[in-house]
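Engineer: So I've got this file, entry38.cif, and it contains mmCIF, C-alpha atoms and all ligand atoms:
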data_start
loop_
_atom_site.label_atom_id
_atom_site.label_comp_id
_atom_site.auth_asym_id
_atom_site.auth_seq_id
_atom_site.Cartn_x
_atom_site.Cartn_y
_atom_site.Cartn_z
CA MET A 1 12.35 91.54 38.08
CA VAL A 2 11.59 94.66 36.10
CA LYS A 3 14.49 93.89 33.83
CA LYS A 4 13.23 90.38 33.10
CA MET A 5 9.83 91.73 32.11
CA LYS A 6 11.26 93.62 29.19
CA PHE A 7 11.46 92.70 25.55
CA PRO A 8 12.57 90.22 24.28
CA ILE A 9 11.63 88.12 27.33
CA THR A 10 8.20 89.63 27.31
CA ARG A 11 6.38 89.56 24.02
CA MET A 12 2.89 90.93 24.18
CA ARG A 13 2.07 89.50 20.79
CA ARG A 14 2.12 86.00 22.31
CA LEU A 15 -1.17 86.98 23.93
CA ARG A 16 -2.69 87.61 20.52
CA LYS A 17 -1.20 84.65 18.71
CA ASN A 18 -4.39 83.07 17.40
CA SER A 19 -8.12 83.42 17.84
CA ARG A 20 -8.38 80.71 20.51
CA ILE A 21 -5.68 82.30 22.63
CA ARG A 22 -7.28 85.71 22.13
CA ASN A 23 -10.63 84.33 23.09
CA ILE A 24 -9.59 82.77 26.40
CA LEU A 25 -7.69 85.92 27.33
CA SER A 26 -10.53 88.27 26.49
CA GLU A 27 -11.14 90.53 29.52
CA THR A 28 -14.62 91.64 28.54
CA LYS A 29 -17.48 89.59 27.21
CA VAL A 30 -20.95 90.60 26.18
CA ASN A 31 -23.44 87.89 27.09
CA PRO A 32 -26.92 87.60 25.59
CA GLU A 33 -28.42 88.22 29.04
CA ASP A 34 -26.66 91.58 29.24
CA LEU A 35 -28.81 92.94 26.44
CA ILE A 36 -32.16 94.63 26.71
CA TYR A 37 -34.16 95.12 23.51
CA PRO A 38 -36.30 98.28 23.20
CA MET A 39 -39.62 97.77 21.40
CA PHE A 40 -42.16 100.28 20.10
CA ILE A 41 -45.81 99.27 20.35
CA LYS A 42 -48.38 101.39 18.57
CA GLU A 43 -51.99 101.26 19.64
CA SER A 44 -53.52 102.14 16.26
CA LEU A 45 -51.80 99.37 14.34
CA LYS A 46 -53.55 96.15 13.45
CA ASP A 47 -51.67 92.86 13.51
CA GLY A 48 -49.61 92.36 10.39
CA GLN A 49 -49.23 96.12 9.86
CA GLN A 50 -45.77 96.67 11.29
CA GLU A 51 -44.36 100.06 10.31
CA ALA A 52 -40.75 100.58 9.31
CA ILE A 53 -39.13 103.48 11.17
CA ASP A 54 -37.53 105.77 8.56
CA THR A 55 -34.95 107.25 10.93
CA MET A 56 -33.94 103.82 12.24
CA PRO A 57 -33.71 101.42 9.31
CA GLY A 58 -34.32 97.85 10.47
CA GLN A 59 -36.49 98.88 13.44
CA TYR A 60 -40.29 98.77 13.50
CA ARG A 61 -43.40 99.93 15.26
CA TYR A 62 -45.52 96.91 16.11
CA SER A 63 -49.14 96.21 16.89
CA LEU A 64 -49.73 94.58 20.24
CA GLY A 65 -50.06 91.08 18.75
CA ASP A 66 -47.02 91.46 16.51
CA ALA A 67 -44.93 92.80 19.38
CA VAL A 68 -45.76 89.74 21.45
CA ASN A 69 -44.89 87.43 18.54
CA GLU A 70 -41.61 89.21 17.91
CA ALA A 71 -40.72 89.09 21.62
CA GLN A 72 -41.45 85.35 21.67
CA ARG A 73 -39.28 84.80 18.62
CA LEU A 74 -36.39 86.68 20.25
CA GLU A 75 -36.85 84.86 23.54
CA GLU A 76 -36.45 81.56 21.70
CA ARG A 77 -33.16 82.87 20.36
CA GLY A 78 -31.93 83.75 23.84
CA LEU A 79 -33.17 87.24 24.64
CA SER A 80 -33.74 87.85 28.38
CA SER A 81 -35.32 91.27 28.63
CA ILE A 82 -37.25 93.89 26.74
CA LEU A 83 -37.98 97.56 27.32
CA LEU A 84 -41.39 98.74 26.16
CA PHE A 85 -42.37 102.08 24.66
CA GLY A 86 -46.00 102.77 23.91
CA MET A 87 -47.55 104.98 21.27
CA PRO A 88 -51.13 105.85 22.22
CA GLU A 89 -53.90 106.68 19.79
CA GLU A 90 -54.90 109.75 21.77
CA LYS A 91 -52.68 112.36 23.41
CA ASP A 92 -53.77 115.07 25.83
CA GLU A 93 -52.30 117.78 28.08
CA LEU A 94 -51.92 115.40 31.01
CA GLY A 95 -50.82 112.32 29.10
CA SER A 96 -53.69 110.39 30.61
CA MET A 97 -53.32 107.34 28.36
CA ALA A 98 -49.95 106.76 30.02
CA TYR A 99 -51.60 105.57 33.24
CA ASN A 100 -54.76 104.05 31.81
CA SER A 101 -55.03 100.41 32.87
CA GLU A 102 -56.13 99.56 29.33
CA GLY A 103 -53.35 101.55 27.70
CA ILE A 104 -51.15 99.97 25.08
CA VAL A 105 -48.18 99.36 27.40
CA GLN A 106 -50.32 97.95 30.20
CA MET A 107 -51.97 95.51 27.75
CA ALA A 108 -48.61 94.56 26.27
CA VAL A 109 -47.11 93.91 29.70
CA SER A 110 -49.86 91.55 30.75
CA ARG A 111 -49.74 89.62 27.46
CA LEU A 112 -45.95 89.36 27.60
CA LYS A 113 -46.02 88.15 31.18
CA GLU A 114 -48.59 85.53 30.25
CA GLU A 115 -46.94 84.37 27.06
CA THR A 116 -43.20 84.70 27.71
CA ASP A 117 -40.66 84.41 30.53
CA LEU A 118 -38.96 87.64 29.52
CA VAL A 119 -38.01 90.26 32.07
CA VAL A 120 -40.44 93.02 31.13
CA ILE A 121 -39.22 96.57 31.66
CA THR A 122 -41.37 99.62 30.95
CA ASP A 123 -40.35 103.15 30.11
CA VAL A 124 -42.11 105.47 32.53
CA CYS A 125 -42.57 108.91 31.00
CA MET A 126 -45.16 111.25 29.60
CA CYS A 127 -43.70 112.59 26.36
CA GLN A 128 -45.30 110.07 23.98
CA TYR A 129 -48.63 110.71 25.68
CA THR A 130 -48.74 114.48 26.09
CA SER A 131 -50.00 116.78 23.34
CA HIS A 132 -47.05 119.14 24.00
CA GLY A 133 -44.47 116.32 23.95
CA HIS A 134 -42.73 117.23 27.21
CA CYS A 135 -41.86 114.68 29.88
CA GLY A 136 -43.95 116.39 32.54
CA ILE A 137 -46.96 118.56 33.30
CA VAL A 138 -46.76 121.93 31.57
CA LYS A 139 -48.10 125.24 32.76
CA ASP A 140 -47.36 128.57 31.07
CA ASP A 141 -44.64 126.90 29.02
CA GLU A 142 -42.89 125.60 32.11
CA ILE A 143 -42.37 121.96 32.95
CA LEU A 144 -43.58 121.60 36.52
CA ASN A 145 -41.54 119.26 38.67
CA ASP A 146 -43.57 118.43 41.75
CA GLU A 147 -46.93 118.24 39.96
CA THR A 148 -45.41 115.71 37.57
CA LEU A 149 -44.37 113.28 40.33
CA ASN A 150 -47.93 112.24 41.02
CA TYR A 151 -48.46 111.37 37.35
CA LEU A 152 -45.23 109.42 37.06
CA SER A 153 -46.21 107.45 40.16
CA LYS A 154 -49.55 106.63 38.60
CA ILE A 155 -47.88 105.49 35.38
CA ALA A 156 -45.40 103.29 37.25
CA MET A 157 -48.22 101.85 39.38
CA SER A 158 -50.29 100.95 36.31
CA HIS A 159 -47.28 99.16 34.81
CA ALA A 160 -46.61 97.28 38.05
CA GLU A 161 -50.29 96.28 38.29
CA ALA A 162 -50.06 94.90 34.76
CA GLY A 163 -47.10 92.80 35.90
CA ALA A 164 -43.98 94.74 34.87
CA ASP A 165 -40.83 93.39 36.50
CA ILE A 166 -38.96 96.68 36.30
CA VAL A 167 -40.18 100.24 35.80
CA ALA A 168 -37.74 102.68 34.22
CA PRO A 169 -38.48 106.39 34.71
CA SER A 170 -36.87 108.44 31.93
CA ASP A 171 -38.33 111.88 32.66
CA MET A 172 -35.52 113.42 34.80
CA MET A 173 -37.84 115.16 37.27
CA ASP A 174 -36.32 115.60 40.74
CA GLY A 175 -37.65 113.19 43.34
CA ARG A 176 -39.37 110.83 40.94
CA VAL A 177 -37.62 107.69 42.09
CA GLY A 178 -38.67 108.35 45.69
CA ALA A 179 -42.24 109.15 44.69
CA ILE A 180 -42.53 106.01 42.56
CA ARG A 181 -40.94 103.81 45.24
CA GLU A 182 -43.34 105.09 47.86
CA THR A 183 -46.40 104.56 45.66
CA LEU A 184 -45.33 101.06 44.67
CA ASP A 185 -44.59 100.09 48.27
CA GLU A 186 -47.87 101.46 49.60
CA ASN A 187 -49.76 99.44 47.02
CA GLY A 188 -48.20 96.05 47.49
CA HIS A 189 -45.56 96.29 44.77
CA ASP A 190 -42.47 96.41 46.94
CA ASP A 191 -40.91 93.73 44.73
CA THR A 192 -41.06 95.78 41.52
CA LEU A 193 -37.60 97.05 40.63
CA ILE A 194 -36.79 100.60 39.59
CA MET A 195 -34.19 101.18 36.90
CA SER A 196 -33.71 104.92 36.85
CA TYR A 197 -32.41 106.86 33.90
CA ALA A 198 -30.17 108.55 36.46
CA ALA A 199 -27.65 110.29 34.21
CA LYS A 200 -29.74 111.13 31.20
CA TYR A 201 -28.21 113.81 29.05
CA ALA A 202 -29.99 116.35 26.85
CA SER A 203 -28.59 114.66 23.77
CA SER A 204 -28.84 115.19 20.03
CA PHE A 205 -28.55 111.43 19.67
CA TYR A 206 -32.24 111.01 20.57
CA ALA A 207 -33.44 112.57 17.31
CA PRO A 208 -34.26 109.31 15.47
CA PHE A 209 -36.26 108.06 18.48
CA ARG A 210 -38.38 111.19 18.70
CA GLU A 211 -39.24 110.75 15.05
CA ALA A 212 -39.94 107.06 15.65
CA VAL A 213 -42.44 107.60 18.47
CA SER A 214 -43.58 111.18 17.70
CA SER A 215 -42.41 112.53 21.04
CA ALA A 216 -40.53 115.68 20.06
CA PRO A 217 -41.49 118.64 22.26
CA SER A 218 -43.83 121.09 20.50
CA PHE A 219 -41.99 124.06 22.07
CA GLY A 220 -38.60 124.58 23.70
CA ASP A 221 -36.28 121.69 24.49
CA ARG A 222 -35.56 119.28 27.34
CA LYS A 223 -32.54 121.15 28.74
CA THR A 224 -34.26 122.25 31.94
CA TYR A 225 -34.63 118.63 32.99
CA GLN A 226 -32.08 116.52 31.10
CA MET A 227 -28.40 116.95 31.89
CA ASN A 228 -25.82 119.17 30.24
CA PRO A 229 -23.44 116.98 28.18
CA SER A 230 -20.48 118.86 29.71
CA ASN A 231 -21.08 117.54 33.20
CA ILE A 232 -19.87 114.42 34.93
CA LEU A 233 -19.73 115.45 38.60
CA GLU A 234 -23.39 116.28 38.32
CA ALA A 235 -24.02 112.73 37.06
CA LEU A 236 -22.57 111.40 40.30
CA ARG A 237 -24.98 113.55 42.28
CA GLU A 238 -27.91 112.38 40.17
CA VAL A 239 -26.98 108.75 40.76
CA GLU A 240 -26.44 109.28 44.48
CA LEU A 241 -29.86 110.88 44.82
CA ASP A 242 -31.62 108.18 42.83
CA LEU A 243 -29.97 105.47 44.92
CA SER A 244 -30.95 107.23 48.12
CA GLU A 245 -34.54 107.33 46.83
CA GLY A 246 -34.53 103.60 46.15
CA ALA A 247 -33.27 102.98 42.62
CA ASP A 248 -32.18 99.36 42.13
CA ILE A 249 -30.38 99.88 38.84
CA VAL A 250 -28.98 103.15 37.53
CA MET A 251 -28.59 104.05 33.89
CA VAL A 252 -26.41 106.28 31.79
CA LYS A 253 -27.83 107.53 28.52
CA PRO A 254 -26.60 107.81 25.75
CA ALA A 255 -23.81 105.22 26.00
CA MET A 256 -20.97 105.62 23.50
CA PRO A 257 -20.42 109.36 23.93
CA TYR A 258 -20.56 108.93 27.73
CA LEU A 259 -18.29 105.96 28.45
CA ASP A 260 -16.37 108.02 31.00
CA VAL A 261 -19.60 108.63 32.89
CA ILE A 262 -20.38 104.90 32.98
CA ARG A 263 -16.91 104.10 34.31
CA MET A 264 -16.98 106.81 36.96
CA ILE A 265 -20.41 105.77 38.21
CA LYS A 266 -19.41 102.13 38.34
CA ASN A 267 -16.27 102.90 40.29
CA GLU A 268 -18.00 105.24 42.67
CA PHE A 269 -21.16 103.29 43.52
CA ASN A 270 -20.65 99.64 42.57
CA VAL A 271 -24.32 99.06 41.90
CA PRO A 272 -25.99 97.44 38.89
CA THR A 273 -25.40 99.88 36.07
CA ALA A 274 -27.12 99.99 32.71
CA ALA A 275 -26.23 102.00 29.62
CA TYR A 276 -28.54 102.93 26.78
CA GLN A 277 -27.14 102.76 23.27
CA VAL A 278 -29.70 105.20 21.94
CA SER A 279 -31.39 105.64 18.60
CA GLY A 280 -28.76 108.02 17.22
CA GLU A 281 -25.99 105.57 18.06
CA TYR A 282 -27.95 102.82 16.32
CA SER A 283 -28.71 104.86 13.21
CA MET A 284 -25.19 106.26 12.93
CA LEU A 285 -23.66 102.77 12.91
CA LYS A 286 -26.41 101.49 10.65
CA ALA A 287 -25.85 104.29 8.13
CA GLY A 288 -22.11 103.63 8.13
CA ILE A 289 -22.65 99.93 7.55
CA ASP A 290 -25.31 100.42 4.88
CA ALA A 291 -23.05 102.86 3.03
CA GLY A 292 -20.24 100.34 3.09
CA TYR A 293 -17.94 102.50 5.24
CA LEU A 294 -18.12 100.11 8.20
CA THR A 295 -18.79 96.43 8.77
CA GLU A 296 -21.04 94.89 11.39
CA ASP A 297 -17.94 94.29 13.50
CA ALA A 298 -18.26 97.93 14.49
CA ILE A 299 -21.48 97.06 16.31
CA PHE A 300 -19.82 94.35 18.38
CA GLU A 301 -16.96 96.71 19.15
CA SER A 302 -19.42 99.35 20.33
CA LEU A 303 -21.14 96.87 22.66
CA ILE A 304 -17.82 95.62 24.03
CA SER A 305 -16.75 99.21 24.69
CA ILE A 306 -19.88 99.92 26.66
CA LYS A 307 -19.44 96.74 28.69
CA ARG A 308 -15.74 97.46 29.23
CA ALA A 309 -16.63 100.93 30.51
CA GLY A 310 -18.56 99.23 33.31
CA ALA A 311 -22.11 98.64 32.12
CA ASP A 312 -23.70 95.45 33.43
CA LEU A 313 -26.68 95.82 31.13
CA ILE A 314 -26.90 97.38 27.69
CA ILE A 315 -30.11 98.58 26.13
CA SER A 316 -29.59 98.31 22.39
CA HIS A 317 -31.56 98.07 19.18
CA TYR A 318 -28.81 95.71 18.05
CA ALA A 319 -29.76 93.09 20.64
CA PRO A 320 -31.42 90.79 18.04
CA LEU A 321 -28.35 90.88 15.81
CA PHE A 322 -26.19 89.82 18.72
CA LEU A 323 -28.39 86.81 19.43
CA GLU A 324 -27.89 85.37 15.97
C1 LIG A 401 -38.25 110.04 26.55
C2 LIG A 401 -37.22 109.11 26.04
C3 LIG A 401 -36.25 109.40 25.08
C4 LIG A 401 -35.54 108.25 24.87
C5 LIG A 401 -36.06 107.29 25.73
N1 LIG A 401 -37.08 107.85 26.47
C6 LIG A 401 -36.01 110.60 24.27
C7 LIG A 401 -35.99 111.92 24.88
O1 LIG A 401 -35.65 112.10 26.05
O2 LIG A 401 -36.34 112.81 24.14
C8 LIG A 401 -34.44 108.14 23.90
C9 LIG A 401 -34.21 106.83 23.34
C10 LIG A 401 -33.39 106.79 22.14
O3 LIG A 401 -32.99 107.81 21.55
O4 LIG A 401 -33.12 105.67 21.74
N2 LIG A 401 -38.37 110.13 27.91
ZN ZN A 402 -40.08 111.65 28.19
#
Would you mind writing the file's structure down as structure tokens?
Structural biologist:
Amino acid sequence: MVKKMKFPITRMRRLRKNSRIRNILSETKVNPEDLIYPMFIKESLKDGQQEAIDTMPGQYRYSLGDAVNEAQRLEERGLSSILLFGMPEEKDELGSMAYNSEGIVQMAVSRLKEETDLVVITDVCMCQYTSHGHCGIVKDDEILNDETLNYLSKIAMSHAEAGADIVAPSDMMDGRVGAIRETLDENGHDDTLIMSYAAKYASSFYAPFREAVSSAPSFGDRKTYQMNPSNILEALREVELDLSEGADIVMVKPAMPYLDVIRMIKNEFNVPTAAYQVSGEYSMLKAGIDAGYLTEDAIFESLISIKRAGADLIISHYAPLFLE
């Protein structure tokens, strides 16, 4: 048997003979419904005033109306889900615009639910809304965990009330999934899903995003809440805790530098797993392509790699390109 399997009886190149053979034998496929498109909606913009994001060429900040139009256009081309980030006009210490029922995200969610059939996912965090830019309540330069949970719950509730299908907490406070689940359940939103940024690393690859939505912390960094890039066993503990608190979907972020983490989590837990191809991954590929060092094929390869590593869903700024 073993002998028969050897060359020249076995020729692996037969499997790669032409594109149709390669296509039917392809082990991994990225489907349009696997992709989630992140959108930035800025309260102060008027319709028709979309702003190009310097650190992410090809990506924009939209007014509410323009965001809805763009989402509709993408839905027509086959997009299934979007992830919303809001940029409020006013920031304060407690990020109070984040849970205001007339906040930019809440308004966007209700319009999108009325005018599209998209799965609407919201980022639940405080950093775009707080004057200090941290993802939680700050006292004496410390980011307070337990005090923050109440705020995150309020934010998630306001998104669910507006009609969000999935809330996605990205703050990395301990116990936030449990707190959000409890609040949602007590208020009649037991059918709202939670996609937790379970293994979210303190990554340099977020830099273009922070510039895009003005959410960089005004002091210190996020290393006391986001994970150390060296750790993978810790990621398993994070995921286990989030699942025990009621997470429906777990996420690894960033994606490309953490493919091993995606695979390990998928093997260990077998639950719906998402991966976030973050701003730095987008801009790095984009810069390479724009400079002529790479072709757009590199983008498809990156998405295939993330899927092959075990991600069921991929959040990517390249989603629209893939739909074409
Ligand atoms: C903030 C948040 C970040 C991203 C999503 N939500 C940045 C951060 O933690 O500083 C990063 C997204 C990206 O880089 O594309 N909670
Ligand atoms: Zn945050």
Engineer: How would you report the residues lying within 7 Å of ligand ZN 402 (chain A), as a PDB file with C-alpha atoms, keeping the file's coordinate frame, if you count all atoms listed in the file?
Structural biologist:
ATOM      1  CA  CYS A 125     -42.570 108.910  31.000  1.00  0.00           C
ATOM      2  CA  MET A 126     -45.160 111.250  29.600  1.00  0.00           C
ATOM      3  CA  CYS A 127     -43.700 112.590  26.360  1.00  0.00           C
ATOM      4  CA  GLN A 128     -45.300 110.070  23.980  1.00  0.00           C
ATOM      5  CA  HIS A 134     -42.730 117.230  27.210  1.00  0.00           C
ATOM      6  CA  CYS A 135     -41.860 114.680  29.880  1.00  0.00           C
ATOM      7  CA  SER A 170     -36.870 108.440  31.930  1.00  0.00           C
ATOM      8  CA  ASP A 171     -38.330 111.880  32.660  1.00  0.00           C
TER       9      ASP A 171
END
Engineer: Around (-27.9, 102.8, 27.3) in the file's own coordinates, what residues are found within 8 Å if you use only C-alpha atoms, given back as a list of chain:residue names?
Structural biologist: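 Residues close enough to count: A:Met251, A:Val252, A:Lys253, A:Pro254, A:Ala255, A:Ala274, A:Ala275, A:Tyr276, A:Gln277, A:Val278, A:Ile314, A:Ile315, A:Ser316.
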Engineer: Could you list, as a VMD selection string, all protein and nucleic acid residues with an atom at most 10 Å from ligand LIG 401 (chain A), counting all atoms listed in the file?
Structural biologist: chain A and resid 38 56 85 123 to 128 133 to 136 168 to 172 197 200 to 217 221 to 223 225 to 226 253 to 254 276 to 283 315 to 317
Engineer: Counting all atoms listed in the file, select every polymer residue within 7 Å of (-28.2, 95.5, 38.0) as defined in the file's coordinates, and provide the selection as a list in words.
Structural biologist: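 Residues found, by chain and rising number: Asp248, Ile249, Val271, Pro272, Thr273 and Asp312 of chain A.
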Engineer: Taking all atoms listed in the file into account, name the residue in A:Glu234, A:Glu93, A:Asp260, A:Asp290 that is nearest to Arg308 (chain A).
Structural biologist: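 Of A:Glu234, A:Glu93, A:Asp260, A:Asp290, the one nearest Arg308 (chain A) is A:Asp260, counting all atoms listed in the file.
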Engineer: For Leu193 (chain A), list every protein, DNA or RNA residue within 7 Å, evaluated using only C-alpha atoms, and leave out those in the same chain fewer than 4 positions away; present the list as a PyMOL selection string.
Structural biologist: chain A and resi 165-167+248
Engineer: I'd like to know which of A:Asn145, A:Ser110, A:Asn150, A:Thr130 is closest to Ala162 (chain A), using all atoms listed in the file.
Structural biologist: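 The closest residue to Ala162 (chain A) is A:Ser110.
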Engineer: If you count all atoms listed in the file, which residues fall within 12 Å of Lys113 (chain A), apart from same-chain ones fewer than 2 positions away, as an MDAnalysis selection string?
Structural biologist: chainID A and resid 68 71:72 81:82 106:111 115:121 159:165
Engineer: Hey, could you make a per-residue contact list for region 19-135 of chain A against region 294-300 of chain A with 12 Å as the cut-off, showing the nearest pair of atoms and its distance in Å to one decimal, counting only C-alpha atoms, sorted by chain and number, as a tab-separated table?
Structural biologist:
residue	atom	partner	partner_atom	distance
A:Thr28	CA	A:Phe300	CA	11.7
A:Lys29	CA	A:Phe300	CA	10.3
A:Val30	CA	A:Phe300	CA	8.7
A:Asn31	CA	A:Phe300	CA	11.4
Engineer: To one decimal place in Å, what is the distance between CA of Ser101 (chain A) and CA of Ala199 (chain A)?
Structural biologist: 29.1 Å
Engineer: Please report the interatomic distance between CA of Thr148 (chain A) and CA of Phe40 (chain A) in Å with one decimal.
Structural biologist: 23.5 Å
Engineer: For CA of Ser131 (chain A) and CA of Gly95 (chain A), quote the distance in Å rounded to one decimal.
Structural biologist: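 Separating CA of Ser131 (chain A) from CA of Gly95 (chain A) is a distance of 7.3 Å.
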Engineer: Need the shell around region 102-105 of chain A: protein/DNA/RNA residues with any atom at most 8 Å away, counting only C-alpha atoms. Skip same-chain ones fewer than 2 positions apart. Format as JSON, numbers by chain?
Structural biologist: {"A": [41, 42, 43, 64, 84, 85, 86, 87, 88, 97, 98, 99, 100, 107, 108, 109, 122, 159]}
Engineer: Could the residues in this selection be written to a file with C-alpha atoms, as a compact mmCIF listing (two decimals), in the frame of the given file?
Structural biologist:
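The new file part-v4.txt reads:
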# COMPACT_ATOMS: atom_id res chain seq x y z
CA ILE A 41 -45.81 99.27 20.35
CA LYS A 42 -48.38 101.39 18.57
CA GLU A 43 -51.99 101.26 19.64
CA LEU A 64 -49.73 94.58 20.24
CA LEU A 84 -41.39 98.74 26.16
CA PHE A 85 -42.37 102.08 24.66
CA GLY A 86 -46.00 102.77 23.91
CA MET A 87 -47.55 104.98 21.27
CA PRO A 88 -51.13 105.85 22.22
CA MET A 97 -53.32 107.34 28.36
CA ALA A 98 -49.95 106.76 30.02
CA TYR A 99 -51.60 105.57 33.24
CA ASN A 100 -54.76 104.05 31.81
CA MET A 107 -51.97 95.51 27.75
CA ALA A 108 -48.61 94.56 26.27
CA VAL A 109 -47.11 93.91 29.70
CA THR A 122 -41.37 99.62 30.95
CA HIS A 159 -47.28 99.16 34.81
Engineer: For Met39 (chain A), which of A:Ile53, A:Leu15, A:Leu303, A:Ala67 is the closest residue, counting all atoms listed in the file?
Structural biologist: A:Ala67
Engineer: Which residue, A:Ser196, A:Ser96, A:Asn270, A:Thr224, has the smallest gap to Glu245 (chain A) when you use all atoms listed in the file?
Structural biologist: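 Closest candidate: A:Ser196.
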Engineer: Which is closer to Phe269 (chain A) than all the others in A:Gln50, A:Asn187, A:Ser44, A:Ser244, using all atoms listed in the file?
Structural biologist: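 For Phe269 (chain A), the nearest of the candidates is A:Ser244.
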Engineer: If we count all atoms listed in the file, what is near Asp242 (chain A) at a cut-off of 8 Å, once residues fewer than 4 positions away on the same chain are taken out, given as a ChimeraX atom specification?
Structural biologist: /A:175,177-178,196,198,238,246-247,250
Engineer: Could you check which of A:Lys286, A:Lys46, A:Arg73, A:Arg263 is closest to Ser305 (chain A), using only C-alpha atoms?
Structural biologist: A:Arg263
